[in-house]
file final_18.cif (mmCIF, C-alpha atoms)
data_structure
loop_
_atom_site.group_PDB
_atom_site.id
_atom_site.type_symbol
_atom_site.label_atom_id
_atom_site.label_comp_id
_atom_site.auth_asym_id
_atom_site.auth_seq_id
_atom_site.Cartn_x
_atom_site.Cartn_y
_atom_site.Cartn_z
ATOM 1 C CA ASP N 94 56.744 55.808 -76.369
ATOM 2 C CA ALA N 95 57.815 58.502 -73.954
ATOM 3 C CA LYS N 96 56.882 57.306 -70.456
ATOM 4 C CA THR N 97 55.903 59.150 -67.311
ATOM 5 C CA THR N 98 56.395 58.072 -63.715
ATOM 6 C CA GLN N 99 54.151 59.254 -60.902
ATOM 7 C CA PRO N 100 53.723 58.196 -57.266
ATOM 8 C CA ASN N 101 50.812 55.815 -56.860
ATOM 9 C CA SER N 102 49.173 57.871 -54.139
ATOM 10 C CA MET N 103 49.448 61.079 -52.121
ATOM 11 C CA GLU N 104 47.563 62.655 -49.256
ATOM 12 C CA SER N 105 47.062 66.303 -48.448
ATOM 13 C CA ASN N 106 45.167 68.315 -45.904
ATOM 14 C CA GLU N 107 42.241 70.374 -47.028
ATOM 15 C CA GLU N 108 43.002 74.033 -47.799
ATOM 16 C CA GLU N 109 46.730 73.374 -48.132
ATOM 17 C CA PRO N 110 48.755 73.416 -51.363
ATOM 18 C CA VAL N 111 49.426 70.141 -53.142
ATOM 19 C CA HIS N 112 52.443 69.394 -55.327
ATOM 20 C CA LEU N 113 52.023 66.388 -57.599
ATOM 21 C CA PRO N 114 55.285 65.290 -59.223
ATOM 22 C CA CYS N 115 55.845 63.614 -62.565
ATOM 23 C CA ASN N 116 59.070 62.303 -64.089
ATOM 24 C CA HIS N 117 59.478 62.046 -67.840
ATOM 25 C CA SER N 118 63.194 61.592 -68.407
ATOM 26 C CA THR N 119 62.812 60.356 -71.999
ATOM 27 C CA ILE N 120 60.716 63.300 -73.144
ATOM 28 C CA SER N 121 61.492 64.474 -76.656
ATOM 29 C CA GLY N 122 61.879 68.069 -77.732
ATOM 30 C CA THR N 123 58.382 68.432 -79.151
ATOM 31 C CA ASP N 124 56.449 66.472 -76.517
ATOM 32 C CA TYR N 125 53.853 68.500 -74.670
ATOM 33 C CA ILE N 126 53.146 67.728 -71.011
ATOM 34 C CA HIS N 127 49.460 67.313 -70.237
ATOM 35 C CA TRP N 128 47.685 66.780 -66.930
ATOM 36 C CA TYR N 129 44.239 65.286 -66.577
ATOM 37 C CA ARG N 130 42.292 64.190 -63.537
ATOM 38 C CA GLN N 131 39.588 61.598 -63.086
ATOM 39 C CA LEU N 132 36.966 61.989 -60.415
ATOM 40 C CA PRO N 133 35.223 58.821 -59.166
ATOM 41 C CA SER N 134 32.913 57.249 -61.747
ATOM 42 C CA GLN N 135 33.645 59.935 -64.333
ATOM 43 C CA GLY N 136 35.735 60.281 -67.449
ATOM 44 C CA PRO N 137 39.020 62.186 -67.156
ATOM 45 C CA GLU N 138 38.956 65.963 -67.423
ATOM 46 C CA TYR N 139 41.654 68.280 -68.661
ATOM 47 C CA VAL N 140 43.586 70.244 -66.067
ATOM 48 C CA ILE N 141 46.506 71.976 -67.769
ATOM 49 C CA HIS N 142 49.292 71.517 -70.321
ATOM 50 C CA GLY N 143 52.609 73.098 -71.240
ATOM 51 C CA LEU N 144 55.766 72.769 -73.309
ATOM 52 C CA THR N 145 58.629 74.636 -71.640
ATOM 53 C CA SER N 146 57.377 77.552 -69.615
ATOM 54 C CA ASN N 147 55.398 77.361 -66.401
ATOM 55 C CA VAL N 148 51.658 77.672 -66.938
ATOM 56 C CA ASN N 149 48.796 78.901 -64.795
ATOM 57 C CA ASN N 150 45.044 78.576 -65.179
ATOM 58 C CA ARG N 151 42.024 78.744 -62.928
ATOM 59 C CA MET N 152 42.414 75.138 -61.858
ATOM 60 C CA ALA N 153 46.121 74.760 -61.221
ATOM 61 C CA SER N 154 49.688 75.685 -62.056
ATOM 62 C CA LEU N 155 52.220 73.611 -63.958
ATOM 63 C CA ALA N 156 55.891 73.949 -63.138
ATOM 64 C CA ILE N 157 58.228 72.432 -65.741
ATOM 65 C CA ALA N 158 61.867 71.727 -64.953
ATOM 66 C CA GLU N 159 64.435 73.518 -67.062
ATOM 67 C CA ASP N 160 65.608 70.222 -68.613
ATOM 68 C CA ARG N 161 61.940 69.203 -69.059
ATOM 69 C CA LYS N 162 62.609 65.817 -67.498
ATOM 70 C CA SER N 163 60.120 66.441 -64.737
ATOM 71 C CA SER N 164 57.117 68.584 -63.959
ATOM 72 C CA THR N 165 54.905 69.385 -60.990
ATOM 73 C CA LEU N 166 51.198 70.058 -60.903
ATOM 74 C CA ILE N 167 50.352 72.528 -58.176
ATOM 75 C CA LEU N 168 46.920 72.829 -56.613
ATOM 76 C CA HIS N 169 47.165 76.020 -54.616
ATOM 77 C CA ARG N 170 44.465 75.272 -52.069
ATOM 78 C CA ALA N 171 43.109 71.748 -52.053
ATOM 79 C CA THR N 172 39.443 71.102 -51.493
ATOM 80 C CA LEU N 173 37.608 67.831 -50.978
ATOM 81 C CA ARG N 174 36.462 68.036 -54.592
ATOM 82 C CA ASP N 175 40.083 67.754 -55.717
ATOM 83 C CA ALA N 176 40.215 64.130 -54.561
ATOM 84 C CA ALA N 177 40.833 62.265 -57.804
ATOM 85 C CA VAL N 178 43.384 60.310 -59.832
ATOM 86 C CA TYR N 179 45.777 62.707 -61.558
ATOM 87 C CA TYR N 180 47.465 61.660 -64.797
ATOM 88 C CA CYS N 181 50.604 63.185 -66.239
ATOM 89 C CA ILE N 182 50.909 62.293 -69.910
ATOM 90 C CA LEU N 183 53.012 63.149 -72.947
ATOM 91 C CA ARG N 184 51.983 63.475 -76.517
ATOM 92 C CA ASP N 185 53.443 60.538 -78.392
ATOM 93 C CA VAL N 186 53.595 61.420 -82.067
ATOM 94 C CA ASP N 187 54.634 59.693 -85.222
ATOM 95 C CA PHE N 188 54.056 61.350 -88.541
ATOM 96 C CA GLY N 189 50.365 60.927 -89.229
ATOM 97 C CA ASN N 190 49.916 59.292 -85.849
ATOM 98 C CA GLU N 191 48.649 60.683 -82.589
ATOM 99 C CA LYS N 192 47.981 59.167 -79.234
ATOM 100 C CA LEU N 193 48.064 60.173 -75.622
ATOM 101 C CA THR N 194 49.270 57.339 -73.434
ATOM 102 C CA PHE N 195 47.987 57.378 -69.866
ATOM 103 C CA GLY N 196 49.722 55.565 -67.013
ATOM 104 C CA THR N 197 48.157 54.643 -63.695
ATOM 105 C CA GLY N 198 48.342 58.168 -62.279
ATOM 106 C CA THR N 199 48.489 59.445 -58.703
ATOM 107 C CA ARG N 200 45.487 58.928 -56.457
ATOM 108 C CA LEU N 201 45.134 62.100 -54.386
ATOM 109 C CA THR N 202 43.303 61.871 -51.072
ATOM 110 C CA ILE N 203 42.256 65.069 -49.334
ATOM 111 C CA ILE N 204 42.011 64.932 -45.562
ATOM 112 C CA PRO N 205 39.321 67.186 -44.051
ATOM 113 C CA GLY E 282 26.398 72.719 -75.278
ATOM 114 C CA ALA E 283 26.511 68.950 -75.505
ATOM 115 C CA GLY E 284 29.653 67.192 -74.472
ATOM 116 C CA VAL E 285 30.894 63.815 -75.679
ATOM 117 C CA SER E 286 28.040 61.351 -75.523
ATOM 118 C CA GLN E 287 28.501 57.609 -75.184
ATOM 119 C CA SER E 288 25.951 54.839 -75.343
ATOM 120 C CA PRO E 289 24.991 52.559 -73.818
ATOM 121 C CA SER E 290 26.129 53.721 -70.407
ATOM 122 C CA ASN E 291 25.928 50.150 -69.160
ATOM 123 C CA LYS E 292 25.937 46.908 -71.093
ATOM 124 C CA VAL E 293 25.763 43.393 -69.682
ATOM 125 C CA THR E 294 26.290 40.616 -72.190
ATOM 126 C CA GLU E 295 27.012 36.920 -72.301
ATOM 127 C CA LYS E 296 30.371 35.542 -73.301
ATOM 128 C CA GLY E 297 30.543 35.010 -77.053
ATOM 129 C CA LYS E 298 28.077 37.749 -78.005
ATOM 130 C CA ASP E 299 28.984 40.789 -80.104
ATOM 131 C CA VAL E 300 28.609 44.318 -78.709
ATOM 132 C CA GLU E 301 28.655 47.765 -80.239
ATOM 133 C CA LEU E 302 29.586 50.877 -78.310
ATOM 134 C CA ARG E 303 28.793 54.289 -79.716
ATOM 135 C CA CYS E 304 30.497 57.645 -79.315
ATOM 136 C CA ASP E 305 29.087 61.014 -80.376
ATOM 137 C CA PRO E 306 31.922 63.563 -80.232
ATOM 138 C CA ILE E 307 31.531 67.276 -79.729
ATOM 139 C CA SER E 308 30.418 68.851 -82.980
ATOM 140 C CA GLY E 309 33.335 69.996 -85.102
ATOM 141 C CA HIS E 310 35.953 67.936 -83.287
ATOM 142 C CA THR E 311 38.107 66.189 -85.873
ATOM 143 C CA ALA E 312 40.084 63.925 -83.538
ATOM 144 C CA LEU E 313 38.428 61.034 -81.690
ATOM 145 C CA TYR E 314 40.002 58.571 -79.256
ATOM 146 C CA TRP E 315 38.934 55.298 -77.671
ATOM 147 C CA TYR E 316 40.370 54.089 -74.363
ATOM 148 C CA ARG E 317 39.661 51.132 -72.112
ATOM 149 C CA GLN E 318 39.839 51.214 -68.324
ATOM 150 C CA SER E 319 39.700 48.003 -66.338
ATOM 151 C CA LEU E 320 38.696 48.141 -62.683
ATOM 152 C CA GLY E 321 41.259 50.056 -60.652
ATOM 153 C CA GLN E 322 43.590 50.474 -63.619
ATOM 154 C CA GLY E 323 44.755 53.358 -65.764
ATOM 155 C CA LEU E 324 43.589 54.146 -69.259
ATOM 156 C CA GLU E 325 44.642 51.829 -72.069
ATOM 157 C CA PHE E 326 44.802 53.486 -75.501
ATOM 158 C CA LEU E 327 42.866 51.578 -78.157
ATOM 159 C CA ILE E 328 42.590 53.664 -81.320
ATOM 160 C CA TYR E 329 42.608 57.195 -82.630
ATOM 161 C CA PHE E 330 40.754 58.775 -85.563
ATOM 162 C CA GLN E 331 41.602 61.944 -87.436
ATOM 163 C CA GLY E 332 38.483 62.548 -89.486
ATOM 164 C CA ASN E 333 37.361 59.122 -90.668
ATOM 165 C CA SER E 334 40.874 57.738 -90.829
ATOM 166 C CA ALA E 335 42.573 55.646 -88.137
ATOM 167 C CA PRO E 336 46.341 55.863 -88.749
ATOM 168 C CA ASP E 337 47.249 53.532 -85.902
ATOM 169 C CA LYS E 338 45.265 50.434 -84.965
ATOM 170 C CA SER E 339 48.040 48.791 -82.980
ATOM 171 C CA GLY E 340 46.361 49.515 -79.650
ATOM 172 C CA LEU E 341 43.398 47.267 -80.367
ATOM 173 C CA PRO E 342 43.855 44.222 -78.080
ATOM 174 C CA SER E 343 42.896 41.595 -80.651
ATOM 175 C CA ASP E 344 41.259 41.117 -84.033
ATOM 176 C CA ARG E 345 37.933 40.778 -82.218
ATOM 177 C CA PHE E 346 38.047 44.562 -81.746
ATOM 178 C CA SER E 347 37.263 46.968 -84.562
ATOM 179 C CA ALA E 348 36.270 50.591 -84.807
ATOM 180 C CA GLU E 349 34.945 52.867 -87.465
ATOM 181 C CA ARG E 350 34.011 56.481 -87.819
ATOM 182 C CA THR E 351 31.658 57.845 -90.428
ATOM 183 C CA GLY E 352 31.102 61.379 -91.644
ATOM 184 C CA GLY E 353 33.883 62.589 -89.399
ATOM 185 C CA SER E 354 31.478 62.356 -86.501
ATOM 186 C CA VAL E 355 29.993 59.293 -84.792
ATOM 187 C CA SER E 356 32.286 56.378 -83.995
ATOM 188 C CA THR E 357 31.422 52.780 -83.186
ATOM 189 C CA LEU E 358 33.646 50.346 -81.319
ATOM 190 C CA THR E 359 32.676 46.738 -81.997
ATOM 191 C CA ILE E 360 33.785 43.776 -79.928
ATOM 192 C CA GLN E 361 33.048 40.392 -81.469
ATOM 193 C CA ARG E 362 32.747 37.150 -79.511
ATOM 194 C CA THR E 363 33.172 38.945 -76.191
ATOM 195 C CA GLN E 364 35.308 37.400 -73.465
ATOM 196 C CA GLN E 365 35.218 38.024 -69.718
ATOM 197 C CA GLU E 366 38.526 39.895 -69.905
ATOM 198 C CA ASP E 367 36.795 42.460 -72.143
ATOM 199 C CA SER E 368 34.849 43.691 -69.105
ATOM 200 C CA ALA E 369 35.860 47.303 -68.546
ATOM 201 C CA VAL E 370 34.773 50.892 -68.966
ATOM 202 C CA TYR E 371 35.265 52.053 -72.534
ATOM 203 C CA LEU E 372 35.952 55.774 -72.752
ATOM 204 C CA CYS E 373 35.716 57.997 -75.787
ATOM 205 C CA ALA E 374 37.298 61.424 -76.113
ATOM 206 C CA SER E 375 37.324 64.075 -78.808
ATOM 207 C CA SER E 376 39.533 67.035 -79.538
ATOM 208 C CA PRO E 377 39.181 70.013 -81.867
ATOM 209 C CA ARG E 378 42.750 69.686 -83.019
ATOM 210 C CA PHE E 379 45.909 67.786 -82.301
ATOM 211 C CA ALA E 380 46.254 67.018 -78.605
ATOM 212 C CA ASN E 381 49.630 68.686 -78.189
ATOM 213 C CA THR E 382 47.966 72.063 -78.326
ATOM 214 C CA GLY E 383 44.398 71.218 -77.434
ATOM 215 C CA GLU E 384 42.648 69.295 -74.748
ATOM 216 C CA LEU E 385 40.714 66.069 -74.902
ATOM 217 C CA PHE E 386 37.084 66.062 -73.834
ATOM 218 C CA PHE E 387 36.012 62.711 -72.421
ATOM 219 C CA GLY E 388 32.612 61.104 -72.261
ATOM 220 C CA GLU E 389 31.263 59.354 -69.179
ATOM 221 C CA GLY E 390 32.117 55.956 -70.625
ATOM 222 C CA SER E 391 30.322 52.720 -71.432
ATOM 223 C CA ARG E 392 30.628 50.074 -68.742
ATOM 224 C CA LEU E 393 30.761 46.611 -70.303
ATOM 225 C CA THR E 394 30.250 43.490 -68.224
ATOM 226 C CA VAL E 395 30.743 40.115 -69.872
ATOM 227 C CA LEU E 396 29.256 37.228 -67.914
#

call {"tool": "encode", "arguments": {"input": "final_18.cif", "output": "C-alpha coordinates"}}
result
Amino acid sequence: DAKTTQPNSMESNEEEPVHLPCNHSTISGTDYIHWYRQLPSQGPEYVIHGLTSNVNNRMASLAIAEDRKSSTLILHRATLRDAAVYYCILRDVDFGNEKLTFGTGTRLTIIP
Amino acid sequence: GAGVSQSPSNKVTEKGKDVELRCDPISGHTALYWYRQSLGQGLEFLIYFQGNSAPDKSGLPSDRFSAERTGGSVSTLTIQRTQQEDSAVYLCASSPRFANTGELFFGEGSRLTVL
(Lines of atoms letter the chains of each structure in order from A and count residues from 1; the text may use other names and numbers.)
(Lines give C-alpha, C1' and ligand atoms only; values in the text may rest on other atoms or scores of the structure.)
Protein backbone atom coordinates (compact mmCIF):
# COMPACT_ATOMS: atom_id res chain seq x y z
CA ASP A 1 0.00 0.00 0.00
CA ALA A 2 1.23 3.47 -0.80
CA LYS A 3 1.59 5.33 2.51
CA THR A 4 1.26 8.98 3.43
CA THR A 5 2.96 10.84 6.25
CA GLN A 6 1.46 13.92 7.86
CA PRO A 7 2.30 15.92 10.99
CA ASN A 8 0.11 14.91 13.91
CA SER A 9 -1.00 18.46 14.63
CA MET A 10 -0.73 22.07 13.48
CA GLU A 11 -1.94 25.42 14.72
CA SER A 12 -2.83 28.51 12.75
CA ASN A 13 -4.22 31.92 13.49
CA GLU A 14 -7.67 32.77 12.27
CA GLU A 15 -7.83 34.59 8.92
CA GLU A 16 -4.30 33.53 7.97
CA PRO A 17 -3.35 30.98 5.30
CA VAL A 18 -2.65 27.41 6.34
CA HIS A 19 -0.32 25.00 4.55
CA LEU A 20 -0.85 21.35 5.46
CA PRO A 21 1.94 19.10 4.18
CA CYS A 22 1.79 15.46 3.15
CA ASN A 23 4.61 13.14 2.11
CA HIS A 24 3.95 10.17 -0.14
CA SER A 25 7.36 9.08 -1.38
CA THR A 26 6.17 5.65 -2.57
CA ILE A 27 3.34 7.00 -4.70
CA SER A 28 2.84 5.14 -7.95
CA GLY A 29 2.25 6.72 -11.33
CA THR A 30 -1.51 6.28 -11.32
CA ASP A 31 -2.21 7.09 -7.66
CA TYR A 32 -4.48 10.07 -7.14
CA ILE A 33 -3.94 12.30 -4.11
CA HIS A 34 -7.10 12.96 -2.13
CA TRP A 35 -7.71 15.21 0.86
CA TYR A 36 -10.58 14.81 3.28
CA ARG A 37 -11.33 16.50 6.57
CA GLN A 38 -13.28 15.36 9.59
CA LEU A 39 -15.04 17.85 11.80
CA PRO A 40 -15.75 16.81 15.41
CA SER A 41 -18.39 14.09 15.71
CA GLN A 42 -18.94 13.93 11.96
CA GLY A 43 -17.94 11.66 9.11
CA PRO A 44 -15.11 12.83 6.85
CA GLU A 45 -15.92 15.18 3.99
CA TYR A 46 -14.15 15.55 0.69
CA VAL A 47 -11.93 18.58 0.24
CA ILE A 48 -9.99 18.20 -3.00
CA HIS A 49 -8.03 15.74 -5.15
CA GLY A 50 -5.46 15.80 -7.93
CA LEU A 51 -3.04 13.74 -10.00
CA THR A 52 -0.19 15.93 -11.25
CA SER A 53 -1.30 19.50 -11.69
CA ASN A 54 -2.19 21.93 -8.94
CA VAL A 55 -5.91 22.12 -8.27
CA ASN A 56 -8.20 24.81 -6.90
CA ASN A 57 -11.78 24.69 -5.68
CA ARG A 58 -13.99 26.75 -3.44
CA MET A 59 -12.67 25.08 -0.31
CA ALA A 60 -8.94 24.92 -0.86
CA SER A 61 -5.99 24.57 -3.20
CA LEU A 62 -3.80 21.52 -3.70
CA ALA A 63 -0.17 21.98 -4.64
CA ILE A 64 1.54 18.82 -5.91
CA ALA A 65 5.31 18.56 -6.11
CA GLU A 66 6.80 17.96 -9.53
CA ASP A 67 8.03 14.49 -8.49
CA ARG A 68 4.64 13.84 -6.84
CA LYS A 69 6.32 12.64 -3.66
CA SER A 70 4.67 15.34 -1.60
CA SER A 71 1.70 17.65 -1.69
CA THR A 72 0.34 20.59 0.28
CA LEU A 73 -3.24 21.48 1.06
CA ILE A 74 -3.67 25.23 1.23
CA LEU A 75 -6.50 26.92 3.10
CA HIS A 76 -6.25 30.51 1.95
CA ARG A 77 -7.92 32.14 4.93
CA ALA A 78 -8.56 29.92 7.91
CA THR A 79 -11.73 30.27 9.92
CA LEU A 80 -12.72 28.63 13.18
CA ARG A 81 -14.89 26.23 11.19
CA ASP A 82 -11.76 24.85 9.52
CA ALA A 83 -10.66 23.25 12.80
CA ALA A 84 -10.69 19.56 11.94
CA VAL A 85 -8.54 16.50 11.27
CA TYR A 86 -7.22 16.60 7.71
CA TYR A 87 -6.39 13.36 5.92
CA CYS A 88 -4.13 13.01 2.92
CA ILE A 89 -4.75 9.68 1.21
CA LEU A 90 -3.81 7.82 -1.96
CA ARG A 91 -5.88 5.52 -4.05
CA ASP A 92 -4.53 2.03 -3.57
CA VAL A 93 -5.62 -0.09 -6.50
CA ASP A 94 -5.25 -3.67 -7.54
CA PHE A 95 -7.06 -4.94 -10.58
CA GLY A 96 -10.65 -5.35 -9.49
CA ASN A 97 -9.80 -3.93 -6.10
CA GLU A 98 -10.29 -0.47 -4.68
CA LYS A 99 -9.67 1.04 -1.32
CA LEU A 100 -8.72 4.35 0.15
CA THR A 101 -6.44 3.93 3.14
CA PHE A 102 -6.62 6.71 5.72
CA GLY A 103 -3.83 7.41 8.21
CA THR A 104 -4.17 9.38 11.42
CA GLY A 105 -4.21 12.77 9.69
CA THR A 106 -3.26 16.23 10.92
CA ARG A 107 -5.33 17.84 13.65
CA LEU A 108 -5.62 21.52 12.76
CA THR A 109 -6.34 23.98 15.55
CA ILE A 110 -7.38 27.51 14.66
CA ILE A 111 -6.49 30.21 17.16
CA PRO A 112 -8.98 33.11 17.34
CA GLY B 1 -31.21 15.22 -1.59
CA ALA B 2 -30.50 12.50 0.94
CA GLY B 3 -26.93 11.77 1.82
CA VAL B 4 -25.52 8.49 3.10
CA SER B 5 -27.72 7.23 5.90
CA GLN B 6 -26.52 4.92 8.64
CA SER B 7 -28.47 3.20 11.37
CA PRO B 8 -28.53 2.88 14.26
CA SER B 9 -26.67 6.05 15.15
CA ASN B 10 -25.86 4.58 18.55
CA LYS B 11 -25.84 0.99 19.69
CA VAL B 12 -24.97 -0.32 23.14
CA THR B 13 -24.71 -4.08 23.42
CA GLU B 14 -23.41 -6.72 25.77
CA LYS B 15 -20.30 -8.72 25.06
CA GLY B 16 -21.13 -11.85 23.08
CA LYS B 17 -24.21 -10.46 21.33
CA ASP B 18 -24.51 -10.04 17.56
CA VAL B 19 -25.09 -6.61 16.00
CA GLU B 20 -26.10 -5.42 12.57
CA LEU B 21 -25.22 -2.01 11.21
CA ARG B 22 -26.98 -0.67 8.16
CA CYS B 23 -25.86 1.71 5.43
CA ASP B 24 -28.09 3.34 2.82
CA PRO B 25 -25.83 4.87 0.15
CA ILE B 26 -26.72 7.78 -2.08
CA SER B 27 -28.99 6.56 -4.85
CA GLY B 28 -27.07 5.48 -7.92
CA HIS B 29 -23.71 5.16 -6.18
CA THR B 30 -22.13 1.88 -7.22
CA ALA B 31 -19.19 1.87 -4.80
CA LEU B 32 -19.70 1.45 -1.05
CA TYR B 33 -17.07 1.42 1.70
CA TRP B 34 -17.03 0.49 5.38
CA TYR B 35 -14.50 1.96 7.81
CA ARG B 36 -13.99 1.70 11.55
CA GLN B 37 -12.73 4.51 13.76
CA SER B 38 -11.71 3.83 17.33
CA LEU B 39 -11.61 6.70 19.80
CA GLY B 40 -8.95 9.22 18.83
CA GLN B 41 -7.70 7.09 15.95
CA GLY B 42 -7.74 7.34 12.18
CA LEU B 43 -10.00 5.42 9.85
CA GLU B 44 -9.42 1.70 9.45
CA PHE B 45 -10.56 0.28 6.10
CA LEU B 46 -12.81 -2.76 6.47
CA ILE B 47 -14.37 -3.65 3.12
CA TYR B 48 -15.36 -2.24 -0.23
CA PHE B 49 -18.24 -3.14 -2.56
CA GLN B 50 -18.55 -2.47 -6.26
CA GLY B 51 -22.19 -3.26 -6.94
CA ASN B 52 -22.98 -6.32 -4.84
CA SER B 53 -19.47 -7.72 -5.09
CA ALA B 54 -16.72 -7.32 -2.48
CA PRO B 55 -13.40 -8.00 -4.25
CA ASP B 56 -11.30 -7.57 -1.12
CA LYS B 57 -12.34 -8.76 2.33
CA SER B 58 -8.86 -8.69 3.83
CA GLY B 59 -9.60 -5.59 5.90
CA LEU B 60 -12.19 -7.33 8.04
CA PRO B 61 -10.56 -7.75 11.48
CA SER B 62 -11.74 -11.30 12.11
CA ASP B 63 -14.18 -13.94 10.91
CA ARG B 64 -16.72 -12.50 13.35
CA PHE B 65 -17.14 -9.62 10.88
CA SER B 66 -19.13 -9.99 7.68
CA ALA B 67 -20.78 -7.64 5.25
CA GLU B 68 -23.20 -7.93 2.41
CA ARG B 69 -24.82 -5.66 -0.10
CA THR B 70 -28.04 -6.42 -1.91
CA GLY B 71 -29.54 -4.89 -5.02
CA GLY B 72 -26.49 -2.71 -5.42
CA SER B 73 -27.87 -0.49 -2.68
CA VAL B 74 -28.22 -1.15 1.05
CA SER B 75 -25.31 -2.75 2.89
CA THR B 76 -25.25 -4.49 6.25
CA LEU B 77 -22.18 -4.98 8.42
CA THR B 78 -22.65 -7.81 10.92
CA ILE B 79 -20.48 -8.39 13.95
CA GLN B 80 -21.02 -11.72 15.68
CA ARG B 81 -20.16 -12.43 19.31
CA THR B 82 -19.11 -8.83 19.92
CA GLN B 83 -16.03 -8.09 22.01
CA GLN B 84 -15.14 -4.91 23.89
CA GLU B 85 -12.41 -4.12 21.35
CA ASP B 86 -15.15 -3.87 18.70
CA SER B 87 -16.31 -0.61 20.31
CA ALA B 88 -15.84 2.12 17.73
CA VAL B 89 -17.62 4.34 15.24
CA TYR B 90 -18.40 2.45 12.06
CA LEU B 91 -18.48 4.72 9.03
CA CYS B 92 -19.98 4.01 5.64
CA ALA B 93 -19.20 5.92 2.46
CA SER B 94 -20.43 5.72 -1.11
CA SER B 95 -19.10 6.95 -4.40
CA PRO B 96 -20.63 7.28 -7.86
CA ARG B 97 -17.56 5.85 -9.49
CA PHE B 98 -14.04 4.79 -8.72
CA ALA B 99 -12.50 6.95 -6.01
CA ASN B 100 -9.50 8.03 -8.05
CA THR B 101 -11.71 10.37 -10.02
CA GLY B 102 -14.65 10.82 -7.70
CA GLU B 103 -15.17 11.67 -4.10
CA LEU B 104 -16.46 9.58 -1.25
CA PHE B 105 -19.56 10.73 0.60
CA PHE B 106 -19.56 9.62 4.22
CA GLY B 107 -22.43 9.00 6.59
CA GLU B 108 -22.49 10.22 10.18
CA GLY B 109 -21.50 6.79 11.45
CA SER B 110 -22.85 4.20 13.87
CA ARG B 111 -21.31 4.37 17.32
CA LEU B 112 -21.02 0.88 18.81
CA THR B 113 -20.34 0.36 22.50
CA VAL B 114 -19.76 -3.17 23.75
CA LEU B 115 -20.07 -3.52 27.51

call {"tool": "resolve_selection", "arguments": {"input": "final_18.cif", "expression": "the PyMOL selection byres ((chain N and resi 154) around 6)", "output": "ChimeraX atom specification"}}
result
/N:148-149,153,155,166-167

call {"tool": "closest_residue", "arguments": {"input": "final_18.cif", "among": "E:Glu366, E:Ser375, E:Arg392, E:Phe387", "to": "chain N", "atoms": "all atoms listed in the file"}}
result
E:Phe387

call {"tool": "resolve_selection", "arguments": {"input": "final_18.cif", "expression": "the PyMOL selection byres ((chain E and resi 335-341) around 10)", "output": "ChimeraX atom specification"}}
result
/N:187-192 /E:312-317,325-334,342-350

call {"tool": "residues_near_point", "arguments": {"input": "final_18.cif", "point": "(53.3, 59.3, -68.3)", "cutoff": "7 Å", "atoms": "all atoms listed in the file", "output": "list of chain:residue names"}}
result
N:Lys96, N:Thr97, N:Thr98, N:His117, N:Cys181, N:Ile182, N:Leu183, N:Thr194, N:Phe195, N:Gly196

call {"tool": "write_last_selection", "arguments": {"input": "final_18.cif", "atoms": "C-alpha atoms", "output": "JSON list (two decimals), in the frame of the given file"}}
result
[["chain", "number", "residue", "atom", "x", "y", "z"],
["N", 96, "LYS", "CA", 56.88, 57.31, -70.46],
["N", 97, "THR", "CA", 55.90, 59.15, -67.31],
["N", 98, "THR", "CA", 56.40, 58.07, -63.72],
["N", 117, "HIS", "CA", 59.48, 62.05, -67.84],
["N", 181, "CYS", "CA", 50.60, 63.18, -66.24],
["N", 182, "ILE", "CA", 50.91, 62.29, -69.91],
["N", 183, "LEU", "CA", 53.01, 63.15, -72.95],
["N", 194, "THR", "CA", 49.27, 57.34, -73.43],
["N", 195, "PHE", "CA", 47.99, 57.38, -69.87],
["N", 196, "GLY", "CA", 49.72, 55.56, -67.01]]

call {"tool": "closest_atom_pairs", "arguments": {"input": "final_18.cif", "of": "chain E", "to": "chain N", "cutoff": "6 Å", "atoms": "all atoms listed in the file", "output": "Markdown table"}}
result
| residue | atom | partner | partner_atom | distance |
| --- | --- | --- | --- | --- |
| E:Gly323 | CA | N:Thr197 | CA | 4.2 |
| E:Leu324 | CA | N:Phe195 | CA | 5.5 |
| E:Pro336 | CA | N:Asn190 | CA | 5.7 |
| E:Asn381 | CA | N:Tyr125 | CA | 5.5 |
| E:Phe387 | CA | N:Gly136 | CA | 5.5 |
| E:Gly388 | CA | N:Gly136 | CA | 5.8 |
| E:Glu389 | CA | N:Gly136 | CA | 4.9 |

call {"tool": "write_last_selection", "arguments": {"input": "final_18.cif", "atoms": "C-alpha atoms", "output": "tab-separated table (two decimals), in the coordinates of the input"}}
result
chain	number	residue	atom	x	y	z
E	323	GLY	CA	44.76	53.36	-65.76
E	324	LEU	CA	43.59	54.15	-69.26
E	336	PRO	CA	46.34	55.86	-88.75
E	381	ASN	CA	49.63	68.69	-78.19
E	387	PHE	CA	36.01	62.71	-72.42
E	388	GLY	CA	32.61	61.10	-72.26
E	389	GLU	CA	31.26	59.35	-69.18

call {"tool": "axis_aligned_box", "arguments": {"input": "final_18.cif", "around": "stretch 146-157 of chain N", "padding_each_side": "6 Å", "output": "lines of an AutoDock Vina configuration file"}}
result
center_x = 50.1
center_y = 75.7
center_z = -65.4
size_x = 28.2
size_y = 18.5
size_z = 20.4
